[in-house]
Amino acid sequence: MAEKTLFEKIIEGQIPADIVYKDDVVTAFKDIAPKAPIHILIVTNKPIPSIAQCEDCDEAAMGHLFIVAKKIAKELNINEDGYRLIVNVGRHGGQEVPHLHMHLLGGTQLGALGFTN
Ligand code: AMP
């Protein structure tokens with residue numbers, strides 16, 4: 001059996017995290033190293049490594065990530081000022097944890113997207 005990802009261990013309660021939302025499909029918790037005043041990770045409970053590995057049967061879960069992000073943003077009162085949703089994919093995308101997740105960033109004016117040389 002494959003070794004559990006860091007996020008699987010958080011979902012299963014083996015590693016502590018500040019969980020803000022959980023249902024049958026996703027779990028959301030505060031990022032341990034926040035890049036904005038609000039930085040939440042919304043993680044699929046199913047350990048899909050990245051968007052590159054998701055399958056047609058995961059389509060509903062992918063949509064659910066956005067719906068949950070919207071609900072959390074409303075709960076945290078940032079829906080009117082706006083926020084950013086990011087999904088990093090693979091090495092060039094800067095993905096560190098190989099378990100599909102969406103970043104919800106907000107609470108301030110965010111900088112431009114870009115690249116580093
Ligand atoms: P990514 O680079 O898209 O894979 O994002 C991984 C994110 O997980 C980073 O923003 C990390 O700060 C965050 N992270 C790593 N370990 C933990 C942890 N134990 N609890 C919460 N967030 C974490």
# chains A, B, ... in the order shown; residues from 1 in each chain; ligands from 1
>>> residues_near_ligand(ligand="ligand 1", cutoff="9 Å", atoms="only C-alpha atoms and all ligand atoms", output="MDAnalysis selection string")
chainID A and resid 6:7 10 15:18 29:35 39:41 86:90 93:103
>>> select_by_dssp(residues="chain A", states="strand (DSSP E or B)", output="PDB file with C-alpha atoms, in the first residue's frame")
ATOM      1  CA  ILE A  19      -9.638  22.369  10.276  1.00  0.00           C
ATOM      2  CA  VAL A  20     -12.274  24.882   9.163  1.00  0.00           C
ATOM      3  CA  TYR A  21     -14.537  22.615   7.084  1.00  0.00           C
ATOM      4  CA  LYS A  22     -15.011  18.904   6.432  1.00  0.00           C
ATOM      5  CA  VAL A  26     -13.116  17.526   0.966  1.00  0.00           C
ATOM      6  CA  THR A  27     -11.360  18.779   4.091  1.00  0.00           C
ATOM      7  CA  ALA A  28     -10.240  22.404   4.539  1.00  0.00           C
ATOM      8  CA  PHE A  29      -7.658  23.675   7.013  1.00  0.00           C
ATOM      9  CA  LYS A  30      -5.406  26.676   7.585  1.00  0.00           C
ATOM     10  CA  ILE A  38      -6.343  34.242   4.999  1.00  0.00           C
ATOM     11  CA  HIS A  39      -4.792  31.094   3.532  1.00  0.00           C
ATOM     12  CA  ILE A  40      -6.887  27.947   3.559  1.00  0.00           C
ATOM     13  CA  LEU A  41      -6.140  24.648   1.826  1.00  0.00           C
ATOM     14  CA  ILE A  42      -9.103  22.678   0.497  1.00  0.00           C
ATOM     15  CA  VAL A  43      -8.025  19.076  -0.009  1.00  0.00           C
ATOM     16  CA  THR A  44      -9.819  16.158  -1.647  1.00  0.00           C
ATOM     17  CA  TYR A  83      -9.867  36.357  -3.117  1.00  0.00           C
ATOM     18  CA  ARG A  84      -7.722  34.018  -5.198  1.00  0.00           C
ATOM     19  CA  LEU A  85      -8.042  30.273  -5.791  1.00  0.00           C
ATOM     20  CA  ILE A  86      -4.883  28.474  -6.888  1.00  0.00           C
ATOM     21  CA  HIS A 101      -5.593  20.748  -3.055  1.00  0.00           C
ATOM     22  CA  MET A 102      -6.826  24.242  -3.747  1.00  0.00           C
ATOM     23  CA  HIS A 103      -5.353  27.326  -2.050  1.00  0.00           C
ATOM     24  CA  LEU A 104      -7.851  29.996  -0.943  1.00  0.00           C
ATOM     25  CA  LEU A 105      -5.963  33.252  -0.414  1.00  0.00           C
ATOM     26  CA  GLY A 106      -7.431  36.549   0.690  1.00  0.00           C
TER      27      GLY A 106
END
>>> atom_distance(atom1="CA of Asp23 in chain A", atom2="CA of Asn45 in chain A")
8.7 Å
>>> closest_residue(among="A:His92, A:Lys9, A:Lys70, A:Lys46", to="Phe115 in chain A", atoms="only C-alpha atoms")
A:His92
>>> residues_around(residues="Ala2 in chain A", least_positions_apart="3", cutoff="12 Å", atoms="only C-alpha atoms", output="PyMOL selection string")
chain A and resi 5+8+47+49
>>> select_by_dssp(residues="chain A", states="alpha helix (DSSP H)", output="list in words")
Leu6, Phe7, Glu8, Lys9, Ile10, Ile11, Glu59, Ala60, Ala61, Met62, Gly63, His64, Leu65, Phe66, Ile67, Val68, Ala69, Lys70, Lys71, Ile72, Ala73, Lys74 and Glu75 of chain A
>>> closest_residue(among="A:Leu110, A:Asp24, A:Ile11, A:Glu3", to="Leu65 in chain A", atoms="only C-alpha atoms")
A:Asp24
>>> closest_residue(among="A:Lys74, A:Val25, A:Glu12, A:Gly82", to="Glu59 in chain A", atoms="only C-alpha atoms")
A:Val25
>>> atom_distance(atom1="CA of Thr116 in chain A", atom2="CA of Ala36 in chain A")
19.1 Å
>>> atom_distance(atom1="CA of Asn79 in chain A", atom2="CA of Gly107 in chain A")
9.8 Å
